[in-house]
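**Q** Please find final17.cif (mmCIF, C-alpha atoms and all ligand atoms) on the next line:
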```cif
data_structure
loop_
_atom_site.label_atom_id
_atom_site.label_comp_id
_atom_site.auth_asym_id
_atom_site.auth_seq_id
_atom_site.Cartn_x
_atom_site.Cartn_y
_atom_site.Cartn_z
CA MET M 1 31.16 12.64 53.32
CA LYS M 2 33.57 14.53 55.54
CA ILE M 3 33.83 18.12 54.40
CA GLY M 4 35.93 21.05 55.62
CA ILE M 5 34.55 24.55 55.05
CA THR M 6 36.57 27.74 55.26
CA CYS M 7 34.88 31.12 55.00
CA TYR M 8 34.89 34.59 56.51
CA PRO M 9 32.97 34.25 59.77
CA THR M 10 31.94 37.92 59.77
CA TYR M 11 28.61 39.53 58.83
CA GLY M 12 28.46 39.07 55.05
CA GLY M 13 26.94 37.03 52.26
CA SER M 14 29.78 34.59 51.62
CA GLY M 15 29.99 33.61 55.30
CA ALA M 16 26.20 33.29 55.44
CA VAL M 17 26.09 31.02 52.37
CA ALA M 18 29.01 28.89 53.59
CA THR M 19 27.43 28.41 57.02
CA GLU M 20 23.94 27.68 55.69
CA LEU M 21 25.52 25.17 53.30
CA GLY M 22 27.40 23.48 56.16
CA LEU M 23 24.22 23.26 58.23
CA GLU M 24 22.23 21.83 55.31
CA LEU M 25 24.95 19.27 54.55
CA ALA M 26 25.04 18.20 58.21
CA ARG M 27 21.23 17.80 58.16
CA ARG M 28 21.70 15.52 55.17
CA GLY M 29 24.08 13.30 57.16
CA HIS M 30 27.49 14.69 56.16
CA GLU M 31 30.14 15.62 58.73
CA VAL M 32 31.10 19.29 58.43
CA HIS M 33 34.18 20.98 59.90
CA PHE M 34 34.35 24.78 59.83
CA ILE M 35 37.96 25.99 59.83
CA THR M 36 38.13 29.73 60.39
CA TYR M 37 39.30 32.33 62.90
CA ASP M 38 35.97 32.77 64.63
CA SER M 39 32.67 30.97 64.89
CA PRO M 40 30.66 31.92 61.75
CA PHE M 41 27.96 34.47 62.63
CA ARG M 42 25.16 32.20 61.46
CA LEU M 43 26.30 29.24 63.53
CA HIS M 44 24.07 29.45 66.58
CA GLY M 45 24.85 26.81 69.18
CA TYR M 46 25.10 23.05 68.80
CA ALA M 47 24.11 21.21 65.64
CA GLU M 48 24.66 17.52 65.06
CA ARG M 49 27.68 16.64 62.89
CA ILE M 50 28.99 20.24 62.94
CA TYR M 51 32.46 21.05 64.29
CA PHE M 52 34.35 24.32 64.54
CA HIS M 53 38.16 24.57 64.49
CA GLN M 54 39.57 27.95 65.39
CA VAL M 55 42.58 29.37 63.58
CA GLU M 56 45.03 31.49 65.56
CA THR M 57 45.16 35.15 64.59
CA ARG M 58 47.96 36.20 66.94
CA MET M 59 50.74 34.71 68.94
CA GLY M 60 52.82 35.67 71.94
CA ARG M 61 54.90 38.78 71.30
CA TYR M 62 57.49 38.16 68.62
CA PRO M 63 59.36 41.28 67.51
CA LEU M 64 59.88 40.19 63.90
CA PHE M 65 56.20 40.20 62.95
CA ASP M 66 54.44 43.51 62.64
CA HIS M 67 51.58 41.55 61.07
CA PHE M 68 50.69 38.00 62.08
CA PRO M 69 50.90 35.68 59.01
CA TYR M 70 47.26 34.53 59.26
CA THR M 71 47.31 32.88 55.85
CA LEU M 72 50.03 30.46 56.94
CA ALA M 73 48.26 29.74 60.22
CA LEU M 74 45.09 28.95 58.24
CA ALA M 75 46.89 26.61 55.80
CA SER M 76 48.52 24.81 58.75
CA LYS M 77 45.17 24.44 60.52
CA GLN M 78 43.48 23.16 57.34
CA HIS M 79 46.29 20.61 56.91
CA GLU M 80 46.03 19.56 60.58
CA VAL M 81 42.23 19.18 60.56
CA VAL M 82 42.16 17.31 57.24
CA LEU M 83 44.67 14.76 58.56
CA ARG M 84 43.17 14.37 62.02
CA GLU M 85 39.52 14.23 60.96
CA GLY M 86 40.07 12.40 57.70
CA LEU M 87 38.45 15.07 55.50
CA GLU M 88 38.02 14.30 51.81
CA ILE M 89 36.97 17.73 50.60
CA LEU M 90 37.94 21.27 51.51
CA HIS M 91 35.29 23.70 50.26
CA VAL M 92 36.49 27.28 50.53
CA HIS M 93 34.32 30.37 50.13
CA TYR M 94 35.76 33.64 48.78
CA ALA M 95 38.96 33.09 46.83
CA ILE M 96 41.24 35.42 48.78
CA PRO M 97 43.11 33.98 50.63
CA HIS M 98 41.12 30.77 51.07
CA ALA M 99 41.76 29.23 47.65
CA THR M 100 45.46 29.85 48.20
CA THR M 101 45.62 28.33 51.69
CA ALA M 102 43.63 25.31 50.49
CA TYR M 103 46.15 24.86 47.67
CA LEU M 104 48.99 24.98 50.24
CA ALA M 105 47.23 22.50 52.55
CA ARG M 106 46.71 20.11 49.63
CA GLN M 107 50.37 20.38 48.61
CA MET M 108 51.44 19.69 52.20
CA LEU M 109 49.37 16.49 52.12
CA ALA M 110 50.77 15.26 48.81
CA GLY M 111 51.57 11.55 48.95
CA GLU M 112 49.97 11.26 52.37
CA ARG M 113 46.29 11.86 51.76
CA ARG M 114 44.11 12.80 48.80
CA LEU M 115 42.30 16.08 49.32
CA ARG M 116 39.95 17.73 46.85
CA VAL M 117 39.67 21.51 46.87
CA ILE M 118 36.51 23.33 45.78
CA THR M 119 36.49 27.12 45.58
CA THR M 120 33.25 29.08 45.52
CA LEU M 121 33.59 32.61 44.17
CA HIS M 122 31.24 35.10 45.79
CA GLY M 123 31.74 38.57 44.40
CA THR M 124 34.37 41.12 45.27
CA ASP M 125 37.01 38.36 45.39
CA ILE M 126 36.64 38.52 41.58
CA THR M 127 35.14 41.90 40.78
CA LEU M 128 37.24 44.09 43.08
CA VAL M 129 39.89 42.71 45.46
CA GLY M 130 41.11 39.95 43.12
CA GLN M 131 41.80 42.49 40.41
CA GLU M 132 44.09 44.62 42.60
CA SER M 133 47.62 44.29 41.30
CA SER M 134 48.91 42.78 44.54
CA PHE M 135 46.37 39.95 44.39
CA TYR M 136 45.67 39.37 40.68
CA ALA M 137 48.30 36.71 39.88
CA ILE M 138 47.83 34.70 43.05
CA THR M 139 44.04 34.80 42.74
CA LYS M 140 44.22 33.53 39.16
CA PHE M 141 46.74 30.85 40.13
CA SER M 142 44.73 29.66 43.14
CA ILE M 143 41.48 29.48 41.18
CA GLU M 144 43.16 27.51 38.41
CA GLN M 145 44.67 25.10 40.94
CA SER M 146 41.32 24.29 42.56
CA ASP M 147 39.82 20.93 41.61
CA GLU M 148 36.45 22.61 41.04
CA VAL M 149 35.38 26.25 40.94
CA THR M 150 31.83 27.48 41.37
CA ALA M 151 30.35 30.95 41.03
CA VAL M 152 27.11 32.10 42.65
CA SER M 153 25.68 33.55 39.40
CA ALA M 154 26.18 33.40 35.65
CA TYR M 155 27.24 37.05 35.84
CA LEU M 156 30.08 36.17 38.23
CA ARG M 157 31.16 33.20 36.11
CA ASP M 158 31.39 35.46 33.06
CA GLU M 159 33.26 38.13 35.05
CA THR M 160 35.75 35.49 36.18
CA TYR M 161 36.48 34.46 32.60
CA ARG M 162 36.65 38.08 31.48
CA ALA M 163 38.95 39.28 34.25
CA PHE M 164 41.14 36.22 34.76
CA GLY M 165 40.93 34.19 31.57
CA CYS M 166 41.13 31.00 33.63
CA VAL M 167 41.84 28.87 30.58
CA SER M 168 42.26 25.68 32.58
CA CYS M 169 39.17 26.01 34.74
CA ASP M 170 35.54 25.35 34.13
CA VAL M 171 33.55 27.63 36.43
CA LYS M 172 30.22 26.04 37.31
CA VAL M 173 27.26 28.16 38.37
CA ILE M 174 25.60 27.06 41.60
CA PRO M 175 23.33 29.87 42.77
CA ASN M 176 22.89 30.95 46.36
CA PHE M 177 19.96 29.45 48.20
CA VAL M 178 17.56 30.18 51.02
CA ASN M 179 16.34 28.01 53.86
CA LEU M 180 12.56 28.21 53.42
CA ALA M 181 11.92 26.77 56.89
CA GLU M 182 13.41 29.93 58.34
CA TYR M 183 12.75 32.51 55.61
CA HIS M 184 9.05 32.47 54.80
CA PRO M 185 6.18 34.99 54.89
CA ALA M 186 4.68 35.92 58.26
CA GLU M 187 1.83 33.81 59.57
CA PRO M 188 -1.54 35.49 58.82
CA GLY M 189 -2.45 37.93 61.61
CA ALA M 190 1.13 38.16 62.98
CA ARG M 191 1.65 41.40 64.90
CA ASN M 192 3.99 43.89 63.26
CA THR M 193 5.89 45.68 66.03
CA LEU M 194 8.08 47.75 63.71
CA ALA M 195 5.52 50.43 62.90
CA PRO M 196 1.93 51.41 63.64
CA GLU M 197 -0.87 50.16 61.37
CA GLY M 198 -0.82 52.02 58.04
CA THR M 199 2.88 52.93 58.22
CA ARG M 200 4.99 51.16 55.57
CA VAL M 201 8.12 49.35 56.69
CA ILE M 202 11.07 49.65 54.32
CA THR M 203 14.15 47.56 55.15
CA HIS M 204 17.79 47.33 54.17
CA VAL M 205 20.30 44.71 55.37
CA SER M 206 23.99 44.86 54.50
CA ASN M 207 27.53 45.34 55.75
CA PHE M 208 27.32 49.07 54.91
CA ARG M 209 30.30 49.08 52.59
CA GLU M 210 30.72 51.56 49.74
CA VAL M 211 29.45 49.07 47.16
CA LYS M 212 26.04 48.98 48.93
CA ARG M 213 25.37 52.71 48.30
CA VAL M 214 23.59 53.08 51.64
CA LYS M 215 23.09 56.82 51.07
CA ASP M 216 20.91 55.87 48.10
CA VAL M 217 18.87 53.70 50.47
CA VAL M 218 18.15 56.79 52.56
CA ARG M 219 17.48 58.94 49.46
CA VAL M 220 14.94 56.47 48.04
CA PHE M 221 13.30 56.21 51.45
CA ALA M 222 13.08 60.01 51.78
CA ARG M 223 11.10 60.09 48.51
CA ILE M 224 8.76 57.35 49.71
CA GLN M 225 8.31 59.07 53.05
CA ARG M 226 7.27 62.33 51.40
CA ALA M 227 4.38 60.45 49.75
CA LEU M 228 3.34 57.91 52.41
CA PRO M 229 3.79 57.27 56.14
CA ALA M 230 6.85 55.01 56.32
CA VAL M 231 9.80 53.97 58.47
CA LEU M 232 13.19 52.73 57.30
CA VAL M 233 14.84 49.87 59.19
CA MET M 234 18.59 49.66 58.59
CA VAL M 235 20.18 46.39 59.69
CA GLY M 236 23.96 45.89 59.73
CA ASP M 237 26.97 48.06 60.27
CA GLY M 238 30.08 49.14 58.43
CA PRO M 239 32.14 52.05 57.20
CA GLU M 240 29.28 53.89 55.41
CA ARG M 241 26.88 53.95 58.37
CA VAL M 242 27.97 57.40 59.56
CA ASP M 243 27.37 58.85 56.08
CA ALA M 244 23.94 57.23 55.91
CA GLU M 245 23.02 58.67 59.31
CA HIS M 246 24.22 62.07 58.13
CA GLU M 247 22.18 61.78 54.92
CA ALA M 248 19.05 60.97 56.94
CA ARG M 249 19.55 64.11 59.03
CA GLU M 250 20.23 66.24 55.92
CA LEU M 251 17.05 65.00 54.26
CA GLY M 252 15.00 65.56 57.42
CA VAL M 253 13.97 61.90 57.83
CA ALA M 254 16.26 60.86 60.71
CA GLN M 255 13.35 60.44 63.13
CA ASP M 256 11.91 57.72 60.87
CA VAL M 257 15.13 55.83 60.18
CA ARG M 258 16.15 53.17 62.71
CA PHE M 259 19.72 51.94 62.63
CA LEU M 260 19.49 48.61 64.45
CA GLY M 261 23.12 47.51 63.97
CA ARG M 262 24.23 43.94 63.26
CA LEU M 263 21.46 41.46 63.92
CA ASP M 264 20.99 37.84 63.01
CA PRO M 265 18.64 36.14 62.32
CA VAL M 266 16.71 38.78 60.38
CA ALA M 267 13.74 36.74 59.14
CA SER M 268 11.24 38.33 61.55
CA LEU M 269 12.25 41.83 60.38
CA LEU M 270 11.94 40.83 56.73
CA GLN M 271 8.52 39.28 57.35
CA ALA M 272 7.36 42.63 58.74
CA SER M 273 8.69 44.56 55.72
CA ASP M 274 6.65 46.02 52.86
CA LEU M 275 9.73 46.61 50.69
CA PHE M 276 13.42 45.79 50.73
CA LEU M 277 15.93 48.25 49.24
CA LEU M 278 19.23 47.11 47.67
CA PRO M 279 20.54 49.92 45.42
CA SER M 280 24.09 48.48 45.24
CA GLN M 281 26.78 49.51 42.80
CA THR M 282 27.01 45.82 42.00
CA GLU M 283 26.04 42.47 43.51
CA SER M 284 27.24 39.16 42.20
CA PHE M 285 23.97 37.68 43.46
CA GLY M 286 22.31 39.60 46.31
CA LEU M 287 21.61 37.01 48.99
CA ALA M 288 19.94 39.64 51.18
CA ALA M 289 17.44 40.30 48.37
CA LEU M 290 16.66 36.59 48.04
CA GLU M 291 16.04 36.24 51.79
CA ALA M 292 13.76 39.28 51.74
CA MET M 293 11.79 37.86 48.80
CA ALA M 294 11.39 34.52 50.57
CA CYS M 295 9.81 36.45 53.46
CA GLY M 296 7.40 38.19 51.08
CA ALA M 297 9.13 41.55 50.76
CA PRO M 298 9.42 42.75 47.14
CA VAL M 299 12.87 44.13 46.36
CA VAL M 300 13.72 47.50 44.83
CA ALA M 301 17.26 47.09 43.53
CA THR M 302 19.70 48.11 40.85
CA ARG M 303 19.96 46.40 37.48
CA ALA M 304 23.54 45.44 38.26
CA GLY M 305 25.66 42.30 38.36
CA GLY M 306 23.69 39.16 39.10
CA LEU M 307 20.62 40.91 40.56
CA PRO M 308 18.57 40.40 37.36
CA GLU M 309 19.09 36.64 37.85
CA VAL M 310 17.28 36.92 41.20
CA VAL M 311 14.70 39.68 40.64
CA ASP M 312 12.36 39.85 37.62
CA ASP M 313 11.72 43.53 37.00
CA GLY M 314 8.04 44.42 37.35
CA VAL M 315 7.11 40.90 38.48
CA SER M 316 8.96 39.89 41.67
CA GLY M 317 10.55 43.28 42.30
CA ILE M 318 11.77 46.51 40.72
CA LEU M 319 15.11 47.08 38.99
CA GLU M 320 16.52 50.44 37.96
CA PRO M 321 20.00 51.61 36.89
CA VAL M 322 22.61 52.31 39.57
CA GLY M 323 22.05 55.73 41.16
CA SER M 324 18.49 56.23 39.83
CA VAL M 325 17.02 57.14 43.20
CA GLU M 326 14.27 59.17 41.54
CA ALA M 327 12.99 56.22 39.49
CA MET M 328 13.35 53.76 42.39
CA GLY M 329 11.43 56.10 44.68
CA ARG M 330 8.69 56.77 42.11
CA ARG M 331 8.13 53.10 41.31
CA ALA M 332 8.22 52.14 45.01
CA ILE M 333 5.50 54.73 45.76
CA GLU M 334 3.33 53.52 42.83
CA LEU M 335 3.61 49.97 44.13
CA LEU M 336 2.86 50.82 47.75
CA ARG M 337 -0.18 52.86 46.69
CA ASP M 338 -1.64 49.90 44.81
CA PRO M 339 -2.50 47.14 47.34
CA ALA M 340 -3.50 44.62 44.67
CA ARG M 341 -0.25 45.04 42.72
CA HIS M 342 1.75 45.00 45.95
CA ALA M 343 0.11 41.73 47.03
CA ALA M 344 0.75 40.20 43.59
CA MET M 345 4.40 41.25 43.71
CA ARG M 346 4.75 39.82 47.22
CA ALA M 347 3.41 36.49 45.97
CA ALA M 348 5.67 36.57 42.90
CA ALA M 349 8.69 37.30 45.12
CA VAL M 350 7.91 34.30 47.32
CA ALA M 351 7.44 32.10 44.25
CA LYS M 352 10.71 33.27 42.72
CA ALA M 353 12.57 32.61 46.00
CA ARG M 354 11.31 29.02 45.94
CA GLU M 355 13.36 28.49 42.77
CA PHE M 356 16.41 29.03 45.01
CA SER M 357 15.34 26.78 47.87
CA ALA M 358 18.00 24.85 49.78
CA ASP M 359 16.30 21.64 48.67
CA ARG M 360 16.94 22.51 45.05
CA VAL M 361 20.43 23.96 45.34
CA VAL M 362 22.26 21.97 48.04
CA PRO M 363 22.02 18.71 46.00
CA MET M 364 24.00 20.54 43.27
CA TYR M 365 26.89 20.88 45.72
CA GLU M 366 26.51 17.24 46.81
CA ALA M 367 26.63 16.14 43.16
CA LEU M 368 29.76 18.21 42.65
CA TYR M 369 31.41 16.61 45.70
CA HIS M 370 30.61 13.12 44.36
CA GLU M 371 31.96 14.09 40.95
CA VAL M 372 35.22 15.47 42.32
CA LEU M 373 35.81 12.40 44.47
CA ARG M 374 35.25 10.01 41.59
O1 LIG M 401 30.03 41.99 49.58
C1 LIG M 401 30.96 41.29 49.15
O2 LIG M 401 31.53 41.48 48.11
C2 LIG M 401 31.42 40.15 49.91
C3 LIG M 401 30.55 38.99 49.80
C4 LIG M 401 30.44 38.56 51.19
O3 LIG M 401 31.30 37.82 51.59
O4 LIG M 401 29.58 39.03 51.89
O5 LIG M 401 29.27 39.25 49.19
C5 LIG M 401 29.13 38.67 47.94
O6 LIG M 401 28.70 37.35 48.18
C6 LIG M 401 27.32 37.18 48.50
C7 LIG M 401 27.07 35.71 48.75
O7 LIG M 401 27.38 34.94 47.63
C8 LIG M 401 26.48 37.74 47.37
O8 LIG M 401 25.10 37.53 47.64
C9 LIG M 401 26.76 39.22 47.22
O9 LIG M 401 26.05 39.72 46.12
C10 LIG M 401 28.25 39.45 46.99
N1 LIG M 401 28.52 40.88 47.05
C11 LIG M 401 28.91 41.57 45.98
O10 LIG M 401 29.06 41.06 44.90
C12 LIG M 401 29.14 43.02 46.20
#
```
Translate this structure into structure tokens?
**A**
Amino acid sequence: MKIGITCYPTYGGSGAVATELGLELARRGHEVHFITYDSPFRLHGYAERIYFHQVETRMGRYPLFDHFPYTLALASKQHEVVLREGLEILHVHYAIPHATTAYLARQMLAGERRLRVITTLHGTDITLVGQESSFYAITKFSIEQSDEVTAVSAYLRDETYRAFGCVSCDVKVIPNFVNLAEYHPAEPGARNTLAPEGTRVITHVSNFREVKRVKDVVRVFARIQRALPAVLVMVGDGPERVDAEHEARELGVAQDVRFLGRLDPVASLLQASDLFLLPSQTESFGLAALEAMACGAPVVATRAGGLPEVVDDGVSGILEPVGSVEAMGRRAIELLRDPARHAAMRAAAVAKAREFSADRVVPMYEALYHEVLR
């Protein structure tokens, strides 16, 4: 099949999932065309059957536009690439504005070429941004106009029905997945360069937005660090980083917190981790948690959104209510002090992650493509 993919190319779960999906589809023999304003952050170099088409984000000075109409440029580029490359499917990730531009591109092709539009909902496109009054009606319209709509968790599907009604759409759940060839536990005897022997490595990866509650990451770590030698590795960047750095200084743990900034790939860091912290306000799925689990790092997270679909409390990780830094810290310490239980939880995390392997999940998308083309 010839498939167009539009996503946000920036550091974030929806762009990561869209890119990993494109790469997996190309490995399975499909031709994949990414249509976005920058090369997706997980697209590293050449891969067979993968193409990237850049969308303009600015033009020569034109006094009328204070803001460049990116959405129209994207719809035009989608239309152009579909026609030129003969694409059959446009699979867009994150509804705003991608489901809308795909709708426009399809309308522009009417009578000329049949194009099927699939929208995958990822999270804040439904739970936050899509519910803002300026976006609500167009988000609902664009979802309902898609030929197929998928959500990355049952939680997000239910939220979509609750918030938007979506009477005419049937939202199918296709969970996020992990590439087990890249995300797997460290080889036995691998050298851990993140911390000296006996010091626990606690990790967090995110885009440091408010929803991630990065100050809670530091607060949980400070509790762990009072009980055991430990370092905190913070990967990513975003608006809340300054506050997290400040919190680390306030709590007197700054010397043991390393802010590494945006890095990708992160598998080697996750393999060296004893725990992964994700105390988010909400997560539709929590791809970062899944990738950590695949690398053998049990997750301490909040019982919020779709996280309970990924982490089994007490088995493959620890779940506590949003904001319960005391409970998260206490349970993390108990786990780290009990090597046998920690090893069992590591193994359970790896086993759970296998349920979300690319080999299991990507065929669900392929089946959906076949169905929509029928
Ligand atoms: O953080 C976001 O809301 C944006 C989005 C993204 O594009 O990074 O993340 C969402 O999509 C990921 C991939 O499907 C999910 O794993 C994240 O849980 C989800 N984030 C939220 O729901 C907050």
**Q** Mind dumping a table of every chain M residue within 8 Å of ligand LIG 401 (chain M), with the nearest atom pair and its distance in Å to one decimal, using only C-alpha atoms and all ligand atoms, sorted by chain and rising number, as a Markdown table?
**A**
```
| residue | atom | partner | partner_atom | distance |
| --- | --- | --- | --- | --- |
| M:Tyr8 | CA | M:LIG401 | O3 | 6.9 |
| M:Tyr11 | CA | M:LIG401 | O4 | 7.0 |
| M:Gly12 | CA | M:LIG401 | O4 | 3.4 |
| M:Gly13 | CA | M:LIG401 | O4 | 3.3 |
| M:Ser14 | CA | M:LIG401 | O3 | 3.6 |
| M:Gly15 | CA | M:LIG401 | O3 | 5.8 |
| M:Ala16 | CA | M:LIG401 | C7 | 7.2 |
| M:Val17 | CA | M:LIG401 | C7 | 6.0 |
| M:Tyr94 | CA | M:LIG401 | O3 | 6.7 |
| M:Leu121 | CA | M:LIG401 | O7 | 7.5 |
| M:His122 | CA | M:LIG401 | O6 | 4.2 |
| M:Gly123 | CA | M:LIG401 | O10 | 3.7 |
| M:Thr124 | CA | M:LIG401 | O2 | 4.0 |
| M:Asp125 | CA | M:LIG401 | O2 | 6.9 |
| M:Thr127 | CA | M:LIG401 | O10 | 7.4 |
| M:Val152 | CA | M:LIG401 | O7 | 5.7 |
| M:Asn176 | CA | M:LIG401 | O7 | 6.1 |
| M:Asn207 | CA | M:LIG401 | O1 | 7.5 |
| M:Arg209 | CA | M:LIG401 | O1 | 7.7 |
| M:Val211 | CA | M:LIG401 | C12 | 6.1 |
| M:Lys212 | CA | M:LIG401 | C12 | 7.3 |
| M:Ser280 | CA | M:LIG401 | C12 | 7.5 |
| M:Gln281 | CA | M:LIG401 | C12 | 7.7 |
| M:Thr282 | CA | M:LIG401 | C12 | 5.5 |
| M:Glu283 | CA | M:LIG401 | O10 | 3.6 |
| M:Ser284 | CA | M:LIG401 | O10 | 3.8 |
| M:Phe285 | CA | M:LIG401 | O9 | 3.9 |
| M:Gly286 | CA | M:LIG401 | O8 | 3.7 |
| M:Leu287 | CA | M:LIG401 | O8 | 3.8 |
| M:Ala288 | CA | M:LIG401 | O8 | 6.6 |
| M:Gly305 | CA | M:LIG401 | O10 | 7.5 |
| M:Gly306 | CA | M:LIG401 | O9 | 7.4 |
| M:Leu307 | CA | M:LIG401 | O9 | 7.9 |
```
**Q** Write to file, as a PDB file, keeping the file's coordinate frame, the residues of the selection just made, with C-alpha atoms.
**A**
```pdb
ATOM      1  CA  TYR M   8      34.890  34.590  56.510  1.00  0.00           C
ATOM      2  CA  TYR M  11      28.610  39.530  58.830  1.00  0.00           C
ATOM      3  CA  GLY M  12      28.460  39.070  55.050  1.00  0.00           C
ATOM      4  CA  GLY M  13      26.940  37.030  52.260  1.00  0.00           C
ATOM      5  CA  SER M  14      29.780  34.590  51.620  1.00  0.00           C
ATOM      6  CA  GLY M  15      29.990  33.610  55.300  1.00  0.00           C
ATOM      7  CA  ALA M  16      26.200  33.290  55.440  1.00  0.00           C
ATOM      8  CA  VAL M  17      26.090  31.020  52.370  1.00  0.00           C
ATOM      9  CA  TYR M  94      35.760  33.640  48.780  1.00  0.00           C
ATOM     10  CA  LEU M 121      33.590  32.610  44.170  1.00  0.00           C
ATOM     11  CA  HIS M 122      31.240  35.100  45.790  1.00  0.00           C
ATOM     12  CA  GLY M 123      31.740  38.570  44.400  1.00  0.00           C
ATOM     13  CA  THR M 124      34.370  41.120  45.270  1.00  0.00           C
ATOM     14  CA  ASP M 125      37.010  38.360  45.390  1.00  0.00           C
ATOM     15  CA  THR M 127      35.140  41.900  40.780  1.00  0.00           C
ATOM     16  CA  VAL M 152      27.110  32.100  42.650  1.00  0.00           C
ATOM     17  CA  ASN M 176      22.890  30.950  46.360  1.00  0.00           C
ATOM     18  CA  ASN M 207      27.530  45.340  55.750  1.00  0.00           C
ATOM     19  CA  ARG M 209      30.300  49.080  52.590  1.00  0.00           C
ATOM     20  CA  VAL M 211      29.450  49.070  47.160  1.00  0.00           C
ATOM     21  CA  LYS M 212      26.040  48.980  48.930  1.00  0.00           C
ATOM     22  CA  SER M 280      24.090  48.480  45.240  1.00  0.00           C
ATOM     23  CA  GLN M 281      26.780  49.510  42.800  1.00  0.00           C
ATOM     24  CA  THR M 282      27.010  45.820  42.000  1.00  0.00           C
ATOM     25  CA  GLU M 283      26.040  42.470  43.510  1.00  0.00           C
ATOM     26  CA  SER M 284      27.240  39.160  42.200  1.00  0.00           C
ATOM     27  CA  PHE M 285      23.970  37.680  43.460  1.00  0.00           C
ATOM     28  CA  GLY M 286      22.310  39.600  46.310  1.00  0.00           C
ATOM     29  CA  LEU M 287      21.610  37.010  48.990  1.00  0.00           C
ATOM     30  CA  ALA M 288      19.940  39.640  51.180  1.00  0.00           C
ATOM     31  CA  GLY M 305      25.660  42.300  38.360  1.00  0.00           C
ATOM     32  CA  GLY M 306      23.690  39.160  39.100  1.00  0.00           C
ATOM     33  CA  LEU M 307      20.620  40.910  40.560  1.00  0.00           C
TER      34      LEU M 307
END
```
**Q** Nearest to M:Ile333: which of M:Val220, M:Val82, M:Ala95, M:Ala26 is it, counting only C-alpha atoms?
**A**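 Result for the nearest residue to M:Ile333: M:Val220.
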**Q** Here is a test: counting all atoms listed in the file, which residue of M:Val217, M:Ala358, M:Ala186, M:Val117 is nearest to M:Val372?
**A**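 Residue with the minimum atom-to-atom distance to M:Val372: M:Val117.
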**Q** Tell me, as an mmCIF file with C-alpha atoms, in the frame of the given file, which residues lie within 10 Å of M:Phe34, counting all atoms listed in the file; anything in the same chain fewer than 2 positions away does not count.
**A**
```cif
data_model
loop_
_atom_site.group_PDB
_atom_site.id
_atom_site.type_symbol
_atom_site.label_atom_id
_atom_site.label_comp_id
_atom_site.auth_asym_id
_atom_site.auth_seq_id
_atom_site.Cartn_x
_atom_site.Cartn_y
_atom_site.Cartn_z
ATOM 1 C CA ILE M 3 33.830 18.120 54.400
ATOM 2 C CA GLY M 4 35.930 21.050 55.620
ATOM 3 C CA ILE M 5 34.550 24.550 55.050
ATOM 4 C CA THR M 6 36.570 27.740 55.260
ATOM 5 C CA CYS M 7 34.880 31.120 55.000
ATOM 6 C CA PRO M 9 32.970 34.250 59.770
ATOM 7 C CA ALA M 18 29.010 28.890 53.590
ATOM 8 C CA THR M 19 27.430 28.410 57.020
ATOM 9 C CA GLY M 22 27.400 23.480 56.160
ATOM 10 C CA VAL M 32 31.100 19.290 58.430
ATOM 11 C CA THR M 36 38.130 29.730 60.390
ATOM 12 C CA TYR M 37 39.300 32.330 62.900
ATOM 13 C CA ASP M 38 35.970 32.770 64.630
ATOM 14 C CA SER M 39 32.670 30.970 64.890
ATOM 15 C CA PRO M 40 30.660 31.920 61.750
ATOM 16 C CA LEU M 43 26.300 29.240 63.530
ATOM 17 C CA ILE M 50 28.990 20.240 62.940
ATOM 18 C CA TYR M 51 32.460 21.050 64.290
ATOM 19 C CA PHE M 52 34.350 24.320 64.540
ATOM 20 C CA HIS M 53 38.160 24.570 64.490
ATOM 21 C CA GLN M 54 39.570 27.950 65.390
ATOM 22 C CA GLN M 78 43.480 23.160 57.340
ATOM 23 C CA VAL M 81 42.230 19.180 60.560
ATOM 24 C CA LEU M 90 37.940 21.270 51.510
ATOM 25 C CA HIS M 91 35.290 23.700 50.260
ATOM 26 C CA VAL M 92 36.490 27.280 50.530
#
```
**Q** Which residues are close to M:Leu336, i.e. within 12 Å by only C-alpha atoms, leaving aside same-chain residues fewer than 6 positions away? Reply as a PyMOL selection string.
**A** chain M and resi 198-202+224-225+227-230+273-275+297-298+300+329-330+342-346
